[in-house]
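Peer 1: The structure that follows is given in the form of structure tokens.
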Amino acid sequence: MRFLPFLHDAQSRDKVLHIQVLLWAIALYAAFQPGLMSPDSIDQYTQGLTGSYNDIHPPLGSWLLGLSGKLTGSPWLAFVGQLMGLGIAMSHLARSSDPARGKWGLIIMGAFLLTPTVWALAVVLWKDVMMAAALLGAVAALKVHRPVLALLLLLAGVAFRHNAIVAAIPLAIPTMAQLAPHGWRWPLKIPALVVMIGGLALVPALPNHVLNANRGWAAGQLFLFDLAGIYTVHPELLPSSLLAEKTSAKELAISYTPTHVWPLFGGAEGARPIPFDPLVFRRQEFVDEWFRVLRTHPAAWMKHRIASFRHLTGAFAGPMPFPILQDIDANPFHLRSPREGLVNQWARAIEIWAGKSIFFRGWAWLLVLGALTVVALRRVRRTPIACCTALSGLGYALSYLVIGIGNDFRFIYWSVIATFATLALLTTEEAPPGTEAQPRPG
């Protein structure tokens with residue numbers, strides 16, 4: 001990069017980073033305003049506008065979408081917020097006072113902004129993207145030694161999505177390390193870390209209480225999905241199940257697929273939809289049934305879980321079904337995204353191409369992130385934040401081996417973002433005081 005001598009100056013590199021983020025956000029806003037919306041997004045937006053919440057979708061995201069709608073007539077404020085949140089946080093991770101590291105940071109930043117996997121989901125108003133923006137912000141705050149801000153962003157992250165606690169736990173470790181008084185050693189830090197993690201696990205209940213959200217049962221979808229996967233292999237178990245009065249073994253064989261739980265609710269030709277509300281009213285019996293069946297048929301359960309995870313990560317032959325959302329679903333608010341304009345047409349053409357490529361194969365991202373995790377673990381004393389970020393992204397994706405209910409690529413969006421964050425930190429993170437840092441090639 002000798003042909004760009006002005007990039008030896010840290011302020012010049014920072015300006016380039018800021019320009020990159022601004023142009024990226026403007027281009028995506030122009031192409032996809034007010035933000036793409038799936039039925040889940042529209043449901044959250046409706047809840048936010050009406051003030052009637054349920055906790056199937058954590059209500060903090062619904063409230064933010066509704067607040068934007070009340071102030072501006074559409075959710076564009078939330079859209080700009082998540083774009084700028086992702087861009088600004090990543091720009092902090094790419095910064096370095098060292099010229100060689102700073103230049104590599106610029107390259108990583110450019111790759112982050114241009115990779116279709118990043119921006120094609122950043123333009124969708126999903127709780128997964130809100131969560132990823134909050135967690136990336138927490139990582140950036142840790143890099144610049146702002147642990148209080150990092151903790152607040154971790155709290156926001158776990159409030160955006162039910163299972164975000166899995167991603168937050170590794171990031172809580174450097175947060176506690178920075179928050180702890182200077183004289184504390186790990187025998188004192190560990191109990192405090194346990195308390196912090198407990199607080200992170202409990203915080204989603206706060207917006208539920210403040211916003212008076214009706215209690216749903218998101219976990220019930222997982223129990224139904226697992227039991228359906230087992231009963232299709234062992235139909236002789238179905239007559240003793242709560243599902244026996246809702247479906248038959250023949251119908252279940254038609255409606256069950258390891259790709260997603262929703263065909264069970266929607267039904268299919270020759271198979272009735274399974275109503276969920278009666279199961280909610282008998283939730284304890286259904287949970288007991290789930291535990292009982294898993295204990296007696298763990299092999300069938302694991303086979304079902306592996307099949308589901310393979311579909312989520314694209315580890316199969318053939319195209320990925322619906323890897324990305326390309327429009328705003330039909331809605332009563334007359335919201336639509338622009339279809340005209342050169343930027344929009346280019347962006348959609350790239351999305352269509354990328355959706356069929358390795359960019360949306362989760363297994364490829366997990367291989368890259370796994371390799372970076374190994375590197376980060378070997379350098380954990382010199383780059384502890386990079387190590388915890390890698391573990392956060394990898395652990396979050398792998399948790400879907402147990403809790404996944406569908407093949408929506410968005411479920412592992414944080415793992416994609418964590419891949420770039422880890423790479424940036426391995427390049428730019430300064431070693432903690434007292435740690436001898438080996439020089440990196442530049």
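Each chain in the structure tokens gets a letter, A, B and so on, in the order shown; residues start at 1 in every chain, and ligands are counted from 1 in the order they appear.
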Pick out the residues sitting within 9 Å of stretch 175-183 of chain A, and hand them over as a VMD selection string; count only C-alpha atoms, and ignore anything fewer than 5 positions along from it in its own chain.

Peer 2: chain A and resid 138 142 145 to 148 150 to 151 188 to 190 192 to 193 196

Peer 1: Take the residues that were just selected and, keeping C-alpha atoms, output them as a CSV table (one decimal), in the first residue's frame.

Peer 2:
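Final output, selection-v9.csv:
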```
chain,number,residue,atom,x,y,z
A,138,ALA,CA,-20.4,-3.9,22.9
A,142,LEU,CA,-14.5,-3.1,25.0
A,145,HIS,CA,-12.0,0.4,27.2
A,146,ARG,CA,-15.6,1.6,27.8
A,147,PRO,CA,-16.9,-1.3,29.9
A,148,VAL,CA,-20.0,0.4,31.2
A,150,ALA,CA,-20.3,-2.4,26.7
A,151,LEU,CA,-22.4,-3.7,29.6
A,188,LEU,CA,-12.9,-12.2,43.1
A,189,LYS,CA,-13.9,-11.5,39.5
A,190,ILE,CA,-15.5,-14.9,38.9
A,192,ALA,CA,-18.9,-11.0,40.1
A,193,LEU,CA,-19.0,-12.5,36.6
A,196,MET,CA,-23.3,-10.3,35.8
```

Peer 1: Write out as CSV the residues of stretch 339-426 of chain A that have any atom within 12 Å of an atom of stretch 294-307 of chain A, one row each with the nearest atom pair and its distance in Å to one decimal, counting only C-alpha atoms, sorted by chain and then rising number.

Peer 2:
```
residue,atom,partner,partner_atom,distance
A:Leu398,CA,A:Ile306,CA,11.0
A:Ser399,CA,A:Arg305,CA,10.9
A:Tyr400,CA,A:Arg305,CA,8.7
A:Leu401,CA,A:Arg305,CA,5.9
A:Val402,CA,A:Arg305,CA,6.4
A:Ile403,CA,A:Arg305,CA,8.4
A:Gly404,CA,A:Arg305,CA,7.8
A:Ile405,CA,A:Arg305,CA,9.2
A:Gly406,CA,A:Ala307,CA,10.5
A:Asn407,CA,A:Ala307,CA,10.4
```

Peer 1: Nearest to A:Tyr256: which of A:Gly216, A:Gly229, A:Gly341, A:Pro275 is it, counting only C-alpha atoms?

Peer 2: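 The closest residue to A:Tyr256 is A:Gly229.
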
Peer 1: Looking only at the backbone, which of the residues in stretch 3-174 of chain A does DSSP tag as helix (DSSP H, G or I), as a VMD selection string?

Peer 2: chain A and resid 5 to 8 10 to 32 39 to 50 59 to 72 76 to 94 99 to 114 116 to 122 127 to 143 147 to 160 162 to 174

Peer 1: Give me, as a tab-separated table, the closest atom pair and its distance (Å, one decimal) for every residue of stretch 308-342 of chain A within a cut-off of 12 Å of stretch 30-50 of chain A, counting only C-alpha atoms, rows sorted by chain and rising number.

Peer 2:
```
residue	atom	partner	partner_atom	distance
A:Phe322	CA	A:Ser38	CA	11.8
A:Ile324	CA	A:Ser38	CA	10.3
A:Leu325	CA	A:Leu36	CA	7.2
A:Gln326	CA	A:Leu36	CA	7.1
A:Asp327	CA	A:Leu36	CA	5.5
A:Ile328	CA	A:Met37	CA	4.6
A:Asp329	CA	A:Ser38	CA	5.5
A:Ala330	CA	A:Pro39	CA	8.2
A:Asn331	CA	A:Ile42	CA	7.0
A:Pro332	CA	A:Ile42	CA	9.1
A:Phe333	CA	A:Thr46	CA	9.1
A:His334	CA	A:Ile42	CA	11.2
A:Leu335	CA	A:Pro34	CA	7.8
A:Arg336	CA	A:Pro34	CA	7.8
A:Ser337	CA	A:Phe32	CA	5.6
A:Pro338	CA	A:Phe32	CA	6.5
A:Arg339	CA	A:Ala31	CA	8.0
A:Glu340	CA	A:Ala31	CA	8.6
A:Gly341	CA	A:Ala31	CA	7.6
A:Leu342	CA	A:Ala31	CA	8.6
```

Peer 1: Skipping near chain neighbours, those fewer than 5 positions away, what residues fall within 7 Å of A:Pro75 using only C-alpha atoms, listed as a PDB file with C-alpha atoms, in the first residue's frame?

Peer 2:
```pdb
ATOM      1  CA  PRO A  34     -37.657   2.141   5.029  1.00  0.00           C
ATOM      2  CA  LEU A  65     -39.981  -0.024  15.527  1.00  0.00           C
ATOM      3  CA  SER A  68     -40.103   5.204  14.700  1.00  0.00           C
ATOM      4  CA  GLY A  69     -43.518   4.658  13.135  1.00  0.00           C
TER       5      GLY A  69
END
```

Peer 1: Could you please determine the separation between atom CA of A:Ala386 and atom CA of A:Trp186 in Å, to one decimal place?

Peer 2: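 That distance, rounded to one decimal, is 19.5 Å.
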
Peer 1: Report, in Å to a single decimal, how far apart atom CA of A:Ala354 and atom CA of A:Lys103 are.

Peer 2: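 So the two atoms, atom CA of A:Lys103 and atom CA of A:Ala354, lie 27.2 Å apart.
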
Peer 1: Write out as a VMD selection string the residues lying within 10 Å of A:Asp128, counting only C-alpha atoms and excluding same-chain residues fewer than 4 positions away.

Peer 2: chain A and resid 61 121 to 122 124 132 to 133 157 160 to 161 164 410 to 414

Peer 1: Atoms to include: N, CA and C atoms. Write the selected residues as a PDB file, in the first residue's frame.

Peer 2:
```
ATOM      1  N   GLY A  61     -37.492  -4.578  20.747  1.00  0.00           N
ATOM      2  CA  GLY A  61     -37.402  -4.299  19.318  1.00  0.00           C
ATOM      3  C   GLY A  61     -38.714  -3.809  18.748  1.00  0.00           C
ATOM      4  N   LEU A 121     -28.529  -8.632   4.860  1.00  0.00           N
ATOM      5  CA  LEU A 121     -29.334  -8.818   6.060  1.00  0.00           C
ATOM      6  C   LEU A 121     -29.400  -7.557   6.903  1.00  0.00           C
ATOM      7  N   ALA A 122     -28.397  -6.684   6.774  1.00  0.00           N
ATOM      8  CA  ALA A 122     -28.415  -5.422   7.530  1.00  0.00           C
ATOM      9  C   ALA A 122     -29.576  -4.538   7.116  1.00  0.00           C
ATOM     10  N   VAL A 124     -32.624  -5.538   6.621  1.00  0.00           N
ATOM     11  CA  VAL A 124     -33.895  -6.133   7.049  1.00  0.00           C
ATOM     12  C   VAL A 124     -34.128  -5.792   8.517  1.00  0.00           C
ATOM     13  N   ALA A 132     -27.344  -8.166  16.671  1.00  0.00           N
ATOM     14  CA  ALA A 132     -25.971  -8.146  16.175  1.00  0.00           C
ATOM     15  C   ALA A 132     -25.367  -6.754  16.279  1.00  0.00           C
ATOM     16  N   ALA A 133     -26.158  -5.720  15.979  1.00  0.00           N
ATOM     17  CA  ALA A 133     -25.655  -4.348  16.084  1.00  0.00           C
ATOM     18  C   ALA A 133     -25.294  -4.014  17.529  1.00  0.00           C
ATOM     19  N   GLY A 157     -28.581  -6.182  23.827  1.00  0.00           N
ATOM     20  CA  GLY A 157     -28.502  -7.340  22.942  1.00  0.00           C
ATOM     21  C   GLY A 157     -29.358  -8.501  23.425  1.00  0.00           C
ATOM     22  N   PHE A 160     -33.061  -8.050  22.861  1.00  0.00           N
ATOM     23  CA  PHE A 160     -33.574  -8.084  21.481  1.00  0.00           C
ATOM     24  C   PHE A 160     -33.940  -9.493  21.028  1.00  0.00           C
ATOM     25  N   ARG A 161     -33.302 -10.512  21.611  1.00  0.00           N
ATOM     26  CA  ARG A 161     -33.563 -11.884  21.153  1.00  0.00           C
ATOM     27  C   ARG A 161     -33.430 -12.847  22.323  1.00  0.00           C
ATOM     28  N   ALA A 164     -30.023 -14.671  22.901  1.00  0.00           N
ATOM     29  CA  ALA A 164     -28.801 -13.861  22.789  1.00  0.00           C
ATOM     30  C   ALA A 164     -27.883 -14.030  23.990  1.00  0.00           C
ATOM     31  N   ARG A 410     -30.738 -15.841   8.754  1.00  0.00           N
ATOM     32  CA  ARG A 410     -30.615 -14.731   9.699  1.00  0.00           C
ATOM     33  C   ARG A 410     -30.312 -15.208  11.116  1.00  0.00           C
ATOM     34  N   PHE A 411     -30.669 -16.458  11.427  1.00  0.00           N
ATOM     35  CA  PHE A 411     -30.435 -16.951  12.778  1.00  0.00           C
ATOM     36  C   PHE A 411     -28.958 -16.901  13.149  1.00  0.00           C
ATOM     37  N   ILE A 412     -28.058 -17.046  12.167  1.00  0.00           N
ATOM     38  CA  ILE A 412     -26.625 -17.048  12.478  1.00  0.00           C
ATOM     39  C   ILE A 412     -25.951 -15.757  11.996  1.00  0.00           C
ATOM     40  N   TYR A 413     -26.740 -14.677  11.863  1.00  0.00           N
ATOM     41  CA  TYR A 413     -26.173 -13.415  11.401  1.00  0.00           C
ATOM     42  C   TYR A 413     -25.083 -12.909  12.336  1.00  0.00           C
ATOM     43  N   TRP A 414     -25.294 -13.053  13.641  1.00  0.00           N
ATOM     44  CA  TRP A 414     -24.259 -12.594  14.576  1.00  0.00           C
ATOM     45  C   TRP A 414     -22.954 -13.342  14.348  1.00  0.00           C
TER      46      TRP A 414
END
```

Peer 1: Excluding same-chain residues fewer than 5 positions from A:Arg292, what lies within 12 Å of it counting only C-alpha atoms, as a compact mmCIF listing (two decimals) with N, CA and C atoms, in the first residue's frame?

Peer 2:
```txt
# COMPACT_ATOMS: atom_id res chain seq x y z
N PHE A 223 -40.24 -27.44 21.35
CA PHE A 223 -40.70 -28.73 21.85
C PHE A 223 -41.54 -29.45 20.80
N LEU A 227 -40.52 -33.04 19.04
CA LEU A 227 -41.40 -34.21 19.17
C LEU A 227 -41.88 -34.70 17.82
N ILE A 230 -39.22 -36.80 16.26
CA ILE A 230 -39.11 -38.14 16.86
C ILE A 230 -40.29 -39.01 16.46
N LEU A 237 -45.37 -44.03 19.17
CA LEU A 237 -45.42 -43.20 20.38
C LEU A 237 -46.52 -42.16 20.34
N SER A 240 -49.99 -41.83 22.63
CA SER A 240 -49.91 -41.40 24.04
C SER A 240 -49.49 -39.94 24.17
N SER A 241 -49.42 -39.22 23.07
CA SER A 241 -48.97 -37.83 23.08
C SER A 241 -50.15 -36.86 23.13
N GLU A 285 -47.54 -30.16 30.87
CA GLU A 285 -47.70 -31.53 30.39
C GLU A 285 -46.87 -31.75 29.12
N PHE A 286 -46.84 -30.74 28.26
CA PHE A 286 -46.11 -30.88 27.01
C PHE A 286 -44.61 -30.91 27.26
N VAL A 287 -44.13 -30.09 28.19
CA VAL A 287 -42.70 -30.10 28.55
C VAL A 287 -42.33 -31.45 29.15
N HIS A 297 -35.61 -41.82 23.67
CA HIS A 297 -35.21 -41.92 22.26
C HIS A 297 -34.20 -40.82 21.91
N PRO A 298 -33.07 -40.80 22.60
CA PRO A 298 -32.08 -39.74 22.33
C PRO A 298 -31.49 -39.82 20.92
N TRP A 301 -33.82 -38.12 18.49
CA TRP A 301 -33.76 -36.68 18.70
C TRP A 301 -32.50 -36.08 18.09
```

Peer 1: Excluding stretch 365-370 of chain A and residues on its chain fewer than 5 positions from it, collect all residues at most 12 Å away from it, counting only C-alpha atoms, and give them as a PyMOL selection string.

Peer 2: chain A and resi 117-118+312-315+358-360+375-377+386-387+389-398+409+412-423

Peer 1: Extract, using only C-alpha atoms, all DNA, RNA and protein residues at most 10 Å from A:Leu155, discarding same-chain residues fewer than 5 positions from it, and format them as a ChimeraX atom specification.

Peer 2: /A:134-135,138,149-150,160,164-165,168,199-204

Peer 1: Could those selected residues go to a file with C-alpha atoms, as a PDB file, in the first residue's frame?

Peer 2:
```
ATOM      1  CA  ALA A 134     -25.860  -4.166  19.888  1.00  0.00           C
ATOM      2  CA  LEU A 135     -23.309  -6.953  20.411  1.00  0.00           C
ATOM      3  CA  ALA A 138     -20.356  -3.906  22.916  1.00  0.00           C
ATOM      4  CA  LEU A 149     -21.126   1.160  27.673  1.00  0.00           C
ATOM      5  CA  ALA A 150     -20.263  -2.422  26.729  1.00  0.00           C
ATOM      6  CA  PHE A 160     -33.574  -8.084  21.481  1.00  0.00           C
ATOM      7  CA  ALA A 164     -28.801 -13.861  22.789  1.00  0.00           C
ATOM      8  CA  ILE A 165     -27.564 -14.764  26.263  1.00  0.00           C
ATOM      9  CA  ALA A 168     -23.384 -12.466  25.541  1.00  0.00           C
ATOM     10  CA  GLY A 199     -28.352 -10.275  35.425  1.00  0.00           C
ATOM     11  CA  LEU A 200     -28.004 -10.639  31.659  1.00  0.00           C
ATOM     12  CA  ALA A 201     -30.221 -13.726  31.780  1.00  0.00           C
ATOM     13  CA  LEU A 202     -32.905 -11.906  33.772  1.00  0.00           C
ATOM     14  CA  VAL A 203     -32.912  -8.564  31.948  1.00  0.00           C
ATOM     15  CA  PRO A 204     -35.301  -9.619  29.114  1.00  0.00           C
TER      16      PRO A 204
END
```

Peer 1: From the list A:Ala317, A:Ala347, A:Val139, A:Ala424, which residue is nearest A:Arg361 when using only C-alpha atoms?

Peer 2: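 The closest residue to A:Arg361 is A:Ala317.
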